[in-house]
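Let me begin by presenting the structure, written as structure tokens, before commenting on it.
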Amino acid sequence: MPHIIVVGAGIVGLCCAWSAQRRGWNVTLVDRDFEGDRASHGNAGGIAVSECLPLSLSGLGLQPLRWLLDPLGPLSIRARHVPRLWPWFLALRKVAEPANYLRIATALAALNKRSLEDFEAMLADIGLRGDLYKRGALTVYESHAAFERSAPQRELQRALGVSWHAVDAAQIRALEPALAPVFAIGVVLGDWAHVSDPARIVRQLRERVVALGAHCVTGKATRVTAETADIPGVLLSDGRALGADRVLVAAGAWSAQLARSVGDHALLESERGYNTTLPACSTRLQREVIFAQRQFVATPLSIGLRIGGAAEFAGLNAAPNYQRSAALLELARRYLPDLDESGAQQWMGHRPSTPDSLPVIGPSPRTPGVLYAFGHGHLGLTQSATTGELIGALLEGATPTIDTTPYSIGRFRQ
Ligand SMILES: Cc1cc2nc3c(=O)[nH]c(=O)nc-3n(C[C@H](O)[C@H](O)[C@H](O)COP(=O)(O)OP(=O)(O)OC[C@H]3O[C@@H](n4cnc5c(N)ncnc54)[C@H](O)[C@@H]3O)c2cc1C
């Protein structure tokens with residue numbers, strides 16, 4: 001039986017492990033802390049298939065500057081992190097070039113088009129199909145002017161197959177009576193879904209992968225080794241060395257340093273996000289609500305209403321600034337009156353973000369036997385099962401149903 005080492009037991013690594021097992025592969029999972037927190041546990045729980053446009057500074061004018069000047073605004077960069085962020089930021093600026101923007105949006109849409117179906121199949125296998133709520137999402141705008149400004153993006157989404165329709169103030173109130181009556185216009189994103197609790201899905205999927213025979217090794221991978229072309233492996237910080245037929249790097253925001261150990265280069269940043277979960281408010285909303293002008297979301301998870309957002313660039317090791325969670329909750333109080341805040345839980349997680357918003361999926365162009373699945377940014381839960389399917393197809397030597405060229409790590413060398 002062929003054997004693969006999967007480094008990283010977040011949702012992406014686990015989906016790839018599960019997919020490999022279904023194709024007859026023996027799996028060793030390596031994680032520095034199987035029970036520890038990770039982006040895959042605390043995220044907003046959205047299966048955000050409509051989100052096929054890359055992050056870009058285009059058309060925002062001075063807005064990013066205003067955000068940066070607000071100490072608790074939606075975007076922040078720690079001063080001492082600026083030199084490290086610079087190459088990533090320069091690459092982000094290229095995203096706005098029309099040809100790049102369309103190419104990236106098309107590649108994101110190709111992944112997202114399959115995402116819900118693949119995710120649902122995975123949930124069914126682990127006995128959690130009932131944890132998926134296919135209720136769409138609602139984006140709300142306080143002004144018609146803000147809605148109009150985002151019209152070109154919506155038209156592109158429609159051209160790429162996203163279904164949406166506009167709703168007026170009365171329809172918003174009928175859809176979500178708990179919202180303050182301040183929204184002029186909204187957009188219903190019909191294909192969006194959300195889950196009960198992302199951490200529960202991670203735990204259950206890991207149990208399933210272990211039940212299917214995966215061997216779990218607790219340890220921090222310090223490098224991927226490829227001494228001979230046939231026996232790739234992983235070196236752990238305590239000196240242990242593991243070998244297999246293939247190694248898959250799926251270590252979220254920590255993946256770039258492992259890729260570097262075999263000579264591959266990726267621009268990857270931790271885009272730190274924050275939230276607060278209110279356990280007593282799980283039924284306040286019917287569906288995920290996106291507050292477009294304020295850059296935050298609220299998702300009615302089974303474990304509570306999760307209010308989150310923010311993009312903080314401060315690297316992997318800086319201490320969390322939970323004032324950001326508090327600031328998001330403060331915003332939510334304006335739009336969701338009388339929130340019961342008892343038992344509120346604050347959280348920070350590392351989105352593994354590339355400057356072009358595309359994940360890295362596929363083989364190392366330099367080192368036979370090494371594959372990558374990381375860099376899913378805001379969409380790692382959404383695209384996890386589809387990423388697993390693509391890696392599975394590559395492992396069995398089949399042609400993946402989606403052309404994986406746009407996701408190759410090789411793009412960072414160009
Ligand atoms: C606030 C917030 C909201 C979000 N909302 C959504 C959403 O609504 N929908 C959506 O689709 N996505 C969302 N995301 C993004 C999503 O959470 C991530 O893209 C996804 O969880 C990334 O999964 P991953 O498995 O790649 O990484 P992780 O979950 O970070 O897992 C990486 C794993 O690798 C392990 N690891 C790292 N380095 C090593 C090493 N050297 N050796 C061994 N193990 C290692 C870690 O311990 C960890 O278990 C959100 C993220 C945040 C922060």
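Residue numbers start at 1 in each chain; chains themselves are named A, B, ... in the order of the structure tokens; ligands are numbered from 1 in the order shown.
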- Please extract the residues at most 7 Å from ligand 1, counting only C-alpha atoms and all ligand atoms, and provide them as an NGL selection string, using the chain letters and residue numbers of this document. :A and (7-13 or 30-34 or 36 or 38-48 or 219-222 or 250-255 or 272-275 or 308-309 or 348-352 or 374-383)
- Spatial neighbours of Gly304 of chain A, 6 Å, only C-alpha atoms, chain gap at least 3 places, as JSON, numbers by chain: {"A": [277, 278, 279, 281, 282, 301]}
- Shell of 12 Å around Thr401 of chain A, only C-alpha atoms, local chain residues under 4 positions omitted, as a list in words: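 Once the nearby chain positions are removed, what remains is Ala110, Leu111, Lys113, Arg114, Thr386, Thr387, Glu389, Leu390, Ile391, Gly392, Ala393, Leu394 and Thr405 of chain A.
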- Item | DSSP strand (DSSP E or B) residues within segment 58-205 of chain A, listed as a PyMOL selection string | chain A and resi 75-77+132-133+137-141+164-168+185-189+193-195
Requested write-out: C-alpha atoms of the selected residues, as a PDB file, in the first residue's frame:
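Dumped to out_16.pdb:
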```pdb
ATOM      1  CA  LEU A  75      -7.091  46.302   8.687  1.00  0.00           C
ATOM      2  CA  SER A  76      -3.914  46.606  10.705  1.00  0.00           C
ATOM      3  CA  ILE A  77      -0.191  46.107  10.119  1.00  0.00           C
ATOM      4  CA  LEU A 132     -24.569  21.819   7.202  1.00  0.00           C
ATOM      5  CA  TYR A 133     -27.184  24.592   6.920  1.00  0.00           C
ATOM      6  CA  ALA A 137     -26.121  34.360   3.233  1.00  0.00           C
ATOM      7  CA  LEU A 138     -27.246  37.963   3.332  1.00  0.00           C
ATOM      8  CA  THR A 139     -24.974  40.928   2.607  1.00  0.00           C
ATOM      9  CA  VAL A 140     -26.371  44.187   3.981  1.00  0.00           C
ATOM     10  CA  TYR A 141     -25.628  47.814   3.066  1.00  0.00           C
ATOM     11  CA  TRP A 164     -27.535  36.410  -6.109  1.00  0.00           C
ATOM     12  CA  HIS A 165     -30.478  38.766  -5.960  1.00  0.00           C
ATOM     13  CA  ALA A 166     -31.010  42.155  -4.350  1.00  0.00           C
ATOM     14  CA  VAL A 167     -33.514  42.676  -1.533  1.00  0.00           C
ATOM     15  CA  ASP A 168     -34.958  45.926  -0.174  1.00  0.00           C
ATOM     16  CA  ILE A 185     -30.518  47.266   0.604  1.00  0.00           C
ATOM     17  CA  GLY A 186     -29.078  43.766   0.690  1.00  0.00           C
ATOM     18  CA  VAL A 187     -27.947  40.877  -1.467  1.00  0.00           C
ATOM     19  CA  VAL A 188     -29.041  37.290  -0.935  1.00  0.00           C
ATOM     20  CA  LEU A 189     -26.296  34.807  -1.880  1.00  0.00           C
ATOM     21  CA  ALA A 193     -24.081  27.601   3.457  1.00  0.00           C
ATOM     22  CA  HIS A 194     -22.728  27.463   6.989  1.00  0.00           C
ATOM     23  CA  VAL A 195     -21.888  24.753   9.479  1.00  0.00           C
TER      24      VAL A 195
END
```
- Query: Residues at most 8 Å from Ala178 of chain A, counting only C-alpha atoms, excluding those fewer than 3 positions away in the same chain, as number ranges by chain?
  - Reply: A: 173, 284-285, 336-337
Those same residues, written as a PDB file, in the first residue's frame with N, CA, C and O atoms?
```pdb
ATOM      1  N   ARG A 173     -35.805  42.921   6.581  1.00  0.00           N
ATOM      2  CA  ARG A 173     -36.433  42.753   7.909  1.00  0.00           C
ATOM      3  C   ARG A 173     -37.198  41.443   7.988  1.00  0.00           C
ATOM      4  O   ARG A 173     -37.222  40.773   9.008  1.00  0.00           O
ATOM      5  N   ARG A 284     -30.287  33.916  16.918  1.00  0.00           N
ATOM      6  CA  ARG A 284     -30.690  35.297  16.603  1.00  0.00           C
ATOM      7  C   ARG A 284     -30.826  35.516  15.095  1.00  0.00           C
ATOM      8  O   ARG A 284     -31.625  36.315  14.645  1.00  0.00           O
ATOM      9  N   LEU A 285     -29.982  34.844  14.317  1.00  0.00           N
ATOM     10  CA  LEU A 285     -30.034  34.991  12.864  1.00  0.00           C
ATOM     11  C   LEU A 285     -30.364  33.646  12.226  1.00  0.00           C
ATOM     12  O   LEU A 285     -30.102  32.584  12.819  1.00  0.00           O
ATOM     13  N   LEU A 336     -27.283  44.541  15.928  1.00  0.00           N
ATOM     14  CA  LEU A 336     -28.084  43.442  16.498  1.00  0.00           C
ATOM     15  C   LEU A 336     -28.397  43.839  17.946  1.00  0.00           C
ATOM     16  O   LEU A 336     -27.672  43.465  18.863  1.00  0.00           O
ATOM     17  N   PRO A 337     -29.473  44.589  18.149  1.00  0.00           N
ATOM     18  CA  PRO A 337     -29.733  45.124  19.490  1.00  0.00           C
ATOM     19  C   PRO A 337     -29.969  44.010  20.520  1.00  0.00           C
ATOM     20  O   PRO A 337     -30.379  42.897  20.173  1.00  0.00           O
TER      21      PRO A 337
END
```
